[in-house]
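Colleague: Encoded as structure tokens, here's the structure I'll be asking about.
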Amino acid sequence: MLGPSSRFHATLALVGSLLGLLFASYSTMDYAEHLDRGLHDVHCSFIPGAPPTSEAEACRAAMYSPYSAFFRESMWGGVPISLFALGAFAFFGGFALYLWLSRERAPKLALGFFAGVGITPLLVSLVMLTISITKLGHLCKTCVGIYISSLLLAVGAVTGLFTLKGEARPRLAFFFPLGWLAALGVTTLVPAVVYASSVPDERPYLGKCGALKQPKMSVGAPLKIHGSRAIQPVMLFEDPLCPTCRAFHERLLDEGVFERLDVELVMFPLDSECNWMLDTPLHPGACIVSKAVLCGGDRTRQVLEWAYDEQVYLTRAGKAGKDVLRAAIKQRWGGDLLKCVDDRKTDVLLNQHLHFASDNAIPVSTPQMYLGSKRVCDEDTDMGLRFMLANLAPEVLK
Amino acid sequence: MTAAGAQPTPPGPAGGMSALAGWLGASGVVALLTLATISVRMWVSSATDRLEHPGEKPKVAIADQAEVAYCTPRFKEVLERVLHSCGLAQDETRRGCKPADVKTFASISDSDFNELFTPLKDRGAVILFDEGMQDLDDGAKKLLEDKWFERKGARYFFVVARASKTGNQAKNNALSHRRANSVMYHLTSVANDPEIDKKVGLLWLGNEFAQLSKDYCSWPTSRPNEKCDEEAINRSAFVSWVDCRL
């Protein structure tokens with residue numbers, strides 16, 4: 001049982017706040033670093049002080065997701081949610097310090113206020129945790145760091161109430177909590193306001209990443225996927241076994257953008273078995289899976305989304321050998337589709353897709369998105385997706 | 001955050017401590033917030049600076065046609081001369097190169113010309129014809145289609161038709177021309193490619209330039225089970241994609 005002069009609760013809250021501040025700083029730093037439109041390593045570890053890494057797909061996916069920031073249409077990348085955490089944890093850190101120093105002299109109202117507002121980061125964390133699990137399908141370690149910090153803070157804040165027994169405590173006027181609440185509001189907003197007022201104008205950089213020299217395929221044809229409310233023609237170069245393509249596809253779905261697109265899909269597997277532009281296969285088996293997509297006919301979208309959904313398994317199958325992959329395709333889509341995959345005509349069509357890429361001298365990377373003939377920069381397909389669409393194809397967001 | 005104004009006022013020293021704690025707590029908030037805000041400002045400024053003054057960007061591979069080891073400068077020089085001169089690379093009406101053209105444009109000896117094609121042994125094939133004929137048999141059609149559809153990253157497809165020494169030069173010149181056309185006709189019928197003219201380079205050498213030696217009988221041919229000699233191997237059209245950027 002905690003005595004009136006115990007510092008346990010305040011210590012716990014202080015540690016939680018400072019850890020939360022640290023993890024929120026990492027998250028914000030990673031976000032801000034990408035404002036230069038470059039690709040950077042990101043922090044993705046439970047260990048405070050761990051350096052950024054390139055092996056951080058879950059954290060990168062969280063960062064690019066529509067749930068990571070506000071106002072993403074009016075500001076490139078939006079205002080990251082971690083900025084609000086930064087301000088809030090600064091307030092809670094200071095308040096916890098006050099309680100730690102006050103011990104048994106801390107007013108009842110202060111402890112009650114702290115218990116009330118100290119659980120709000122945990123509530124927000126629970127919402128974000130639910131989104132991570134249900135929408136993103138994975139947990140970002142830095143985010144988990146913030147969730148744990150929020151839990152420590154909440155436990156510290158609530159257990160403070162257990163110290164209220166015993167001797168009388170100083171009493172405070174009713175307006176103190178109102179003042180503290182206002183202070184919490186202001187501190188929560190300040191970093192976001194500073195960020196929003198200082199981010200660079202990214203509009204001049206949109207659409208400056210090249211263009212297709214020959215927007216129409218002279219031989220063969222791209223695949224067509226019409227969104228249910230298609231309004232904007234786009235051309236996509238994709239590899240069904242490329243994790244970035246899968247993430248991009250999921251982002252388009254999550255953002256409600258995909259249904260507004262009239263997609264011309266060009267298969268661009270990064271697998272040296274059919275793609276002569278690579279010396280070694282980056283995604284073994286991608287040629288066969290691409291052929292399955294080409295053979296999809298009316299089910300092109302379903303086959304593509306199946307490949308994305310089963311990407312981990314198909315990638316493993318691709319490494320195990322062609323027959324394993326072919327068996328997986330046959331099991332899911334039947335013998336007729338597999339027959340089509342093995343048909344020479346499909347080889348030729350895939351080759352025509354690859355030659356379309358080489359005729360247009362596009363970068364050897366996936367995914368790539370073209371609005372008309374204009375290439376959308378890679379960074380505008382992830383963090384800047386909504387901002388780019390708001391500027392270059394606003395009807396898609398309506 | 002200060003406890004000043006508390007009622008009733010606690011004893012002096014404790015009240016002073018509580019007020020001090022309040023001030024220290026408030027200072028803590030201000031300090032942490034200032035630190036966080038300055039950091040945010042610095043991170044954004046730094047990114048803005050990098051955006052406005054980008055350093056050297058990492059080189060990105062660009063999609064292009066295949067380029068393999070046998071694409072030596074000499075090989076490419078000859079191919080380029082032949083391609084340009086035979087009306088393939090530009091939209092000219094003239095198609096194909098007759099022996100005199102090849103001799104002139106390639107500026108190369110017979111043996112050196114054949115030597116250039118040696119690395120294409122496995123990539124290409126020799127389509128064989130009956131004596132004095134230009135018709136493709138079933139084996140020839142199949143092999144030709146197999147080779148055509150194994151395009152991979154190549155840009156140009158070469159057809160080098162020949163005739164054996166039998167008969168006079170003019171007749172053989174015309175015969176090798178017909179053989180080249182026969183190959184082209186079949187490719188056009190199976191390829192379904194409106195740009196085939198921009199891909200296929202036709203050369204016909206008659207019997208006056210770059211005759212093949214018997215050694216070429218070991219190359220993949222459309223009649224692997226038939227007797228092959230120097231006469232037979234020159235009643236042919238060598239076909240191959242060329243994996244070079246020109």
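Residue numbering restarts at 1 in every chain; chains get A, B, ... in the order shown in the structure tokens, and ligands count up from 1 in that same order.
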Name the residues of segment 122-207 of chain B that come out as strand (DSSP E) in a backbone DSSP run; write them as a PDB file with C-alpha atoms, in the first residue's frame.

Modeller:
```pdb
ATOM      1  CA  ALA B 125      19.959 -20.851 -84.804  1.00  0.00           C
ATOM      2  CA  VAL B 126      20.594 -21.797 -88.419  1.00  0.00           C
ATOM      3  CA  ILE B 127      17.460 -22.275 -90.508  1.00  0.00           C
ATOM      4  CA  LEU B 128      18.254 -24.705 -93.332  1.00  0.00           C
ATOM      5  CA  TYR B 156      17.178  -6.271 -82.707  1.00  0.00           C
ATOM      6  CA  PHE B 157      16.647  -9.557 -84.476  1.00  0.00           C
ATOM      7  CA  PHE B 158      19.104 -10.415 -87.225  1.00  0.00           C
ATOM      8  CA  VAL B 159      18.465 -12.575 -90.234  1.00  0.00           C
ATOM      9  CA  VAL B 160      21.568 -13.362 -92.249  1.00  0.00           C
ATOM     10  CA  ALA B 161      20.593 -15.413 -95.303  1.00  0.00           C
ATOM     11  CA  VAL B 200      14.317  -7.199 -87.773  1.00  0.00           C
ATOM     12  CA  GLY B 201      17.499  -6.543 -89.707  1.00  0.00           C
ATOM     13  CA  LEU B 202      17.709  -8.473 -92.984  1.00  0.00           C
ATOM     14  CA  LEU B 203      21.001  -9.282 -94.650  1.00  0.00           C
ATOM     15  CA  TRP B 204      21.439 -11.546 -97.641  1.00  0.00           C
TER      16      TRP B 204
END
```

Colleague: With only C-alpha atoms as the counted atoms, please give the residues lying no more than 9 Å from Thr346 of chain A, apart from itself and same-chain residues fewer than 3 positions off, as a CSV table (one decimal) with N, CA, C and O atoms, in the first residue's frame.

Modeller:
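Below you can see part-v4.csv, which holds the result:
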```csv
chain,number,residue,atom,x,y,z
A,291,LYS,N,2.8,-13.5,-64.3
A,291,LYS,CA,2.1,-14.2,-65.3
A,291,LYS,C,0.7,-14.6,-64.9
A,291,LYS,O,-0.3,-14.6,-65.6
A,292,ALA,N,0.6,-15.0,-63.6
A,292,ALA,CA,-0.7,-15.4,-63.1
A,292,ALA,C,-1.6,-14.2,-63.1
A,292,ALA,O,-2.8,-14.3,-63.4
A,294,LEU,N,-1.4,-11.6,-65.2
A,294,LEU,CA,-1.7,-11.4,-66.6
A,294,LEU,C,-2.8,-12.3,-67.1
A,294,LEU,O,-3.5,-12.0,-68.0
A,295,CYS,N,-2.8,-13.5,-66.5
A,295,CYS,CA,-3.8,-14.5,-66.9
A,295,CYS,C,-5.2,-14.3,-66.2
A,295,CYS,O,-6.1,-15.1,-66.4
A,340,CYS,N,-2.6,-21.2,-68.6
A,340,CYS,CA,-2.3,-19.9,-69.2
A,340,CYS,C,-1.0,-19.4,-68.8
A,340,CYS,O,-0.2,-18.8,-69.6
A,341,VAL,N,-0.6,-19.6,-67.5
A,341,VAL,CA,0.7,-19.1,-67.0
A,341,VAL,C,1.8,-19.8,-67.8
A,341,VAL,O,2.8,-19.2,-68.1
A,342,ASP,N,1.6,-21.1,-68.2
A,342,ASP,CA,2.6,-21.8,-68.9
A,342,ASP,C,2.6,-21.6,-70.4
A,342,ASP,O,3.5,-22.1,-71.1
A,343,ASP,N,1.6,-20.9,-70.9
A,343,ASP,CA,1.5,-20.6,-72.3
A,343,ASP,C,2.5,-19.6,-72.8
A,343,ASP,O,2.8,-18.6,-72.1
A,349,LEU,N,3.6,-11.7,-73.6
A,349,LEU,CA,2.9,-10.5,-73.0
A,349,LEU,C,3.8,-9.9,-71.9
A,349,LEU,O,3.9,-8.7,-71.8
A,350,LEU,N,4.3,-10.8,-71.0
A,350,LEU,CA,5.1,-10.2,-69.9
A,350,LEU,C,6.3,-9.6,-70.4
A,350,LEU,O,6.7,-8.5,-70.0
A,351,ASN,N,6.9,-10.2,-71.5
A,351,ASN,CA,8.1,-9.6,-72.1
A,351,ASN,C,7.8,-8.2,-72.7
A,351,ASN,O,8.5,-7.3,-72.6
```

Colleague: Would you give me, as JSON, numbers by chain, the residues of chain A that come within 8 Å of chain B, using only C-alpha atoms?

Modeller: {"A": [25, 28, 29, 32, 33, 34, 35, 36, 37, 86, 87, 90, 91, 92, 93, 94, 95, 96, 97, 98, 99, 101, 102, 105, 106, 107, 169, 170, 171, 172, 173, 176, 179, 180, 187, 190, 191, 194, 195, 198, 199, 200, 218, 219, 274, 275, 276, 277, 344, 348, 351, 355, 357, 358, 359, 360, 361, 362, 363, 364]}

Colleague: When you look at segment 215-225 of chain B with a cut-off of 12 Å (counting only C-alpha atoms), what residues show up, excluding the ones that are within fewer than 4 positions of it in the same chain? I need them as an NGL selection string.

Modeller: :B and (114-115 or 117-130 or 136-147 or 211 or 229-240)

Colleague: Mind listing the helix (DSSP H, G or I) residues of segment 114-202 of chain B, per DSSP on the backbone, as a ChimeraX atom specification?

Modeller: /B:114-120,138-149,169-191,196-198

Colleague: Report the distance between atom CA of Ser45 of chain A and atom CA of Leu122 of chain A in Å, rounded to one decimal place.

Modeller: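 Computing it gives 19.6 Å between the two atoms.
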
Colleague: Using only C-alpha atoms, find the one residue out of A:Pro281, A:Gly3, A:Gly78, A:Pro367 that sits nearest to Glu238 of chain A.

Modeller: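 Selected residue with least distance to Glu238 of chain A: A:Pro367.
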
Colleague: Need the shell around segment 9-20 of chain A: protein/DNA/RNA residues with any atom at most 10 Å away, counting only C-alpha atoms. Skip same-chain ones fewer than 2 positions apart. Format as a PyMOL selection string?

Modeller: (chain A and resi 2+6-7+22-26+48+82+85-86+88-103+111+114+118+121+142-143+145-163) or (chain B and resi 32)

Colleague: Could you give me, as number ranges by chain, the residues within 12 Å of Pro204 of chain A, counting only C-alpha atoms and dropping anything in the same chain fewer than 5 positions from it?

Modeller: A: 76, 209, 388, 391-392; B: 51-52

Colleague: Quick one: residues within 8 Å of Leu385 of chain A, only C-alpha atoms counted, chain neighbours fewer than 5 positions away excluded, as a list in words?

Modeller: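 Within the cut-off, the hits are Gly77, Glu379 and Asp380 of chain A.
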
Colleague: Env of Ala286 of chain A: 7 Å cut, atoms = only C-alpha atoms, seq-sep filter 3 positions within chain, self excluded. Answer as a short mmCIF file (atom, residue, chain, number, x, y, z; two decimals) with C-alpha atoms, in the first residue's frame.

Modeller:
```cif
data_model
loop_
_atom_site.label_atom_id
_atom_site.label_comp_id
_atom_site.auth_asym_id
_atom_site.auth_seq_id
_atom_site.Cartn_x
_atom_site.Cartn_y
_atom_site.Cartn_z
CA ASP A 239 5.62 -6.40 -58.92
CA PRO A 240 3.20 -8.72 -57.07
CA LEU A 241 5.95 -9.98 -54.77
CA PRO A 269 8.63 -8.17 -61.76
CA LEU A 270 12.03 -7.64 -60.16
CA ASP A 271 13.05 -11.21 -60.88
CA HIS A 283 11.85 -11.19 -55.68
CA VAL A 289 3.16 -14.65 -60.17
CA SER A 290 3.14 -11.75 -62.64
#
```
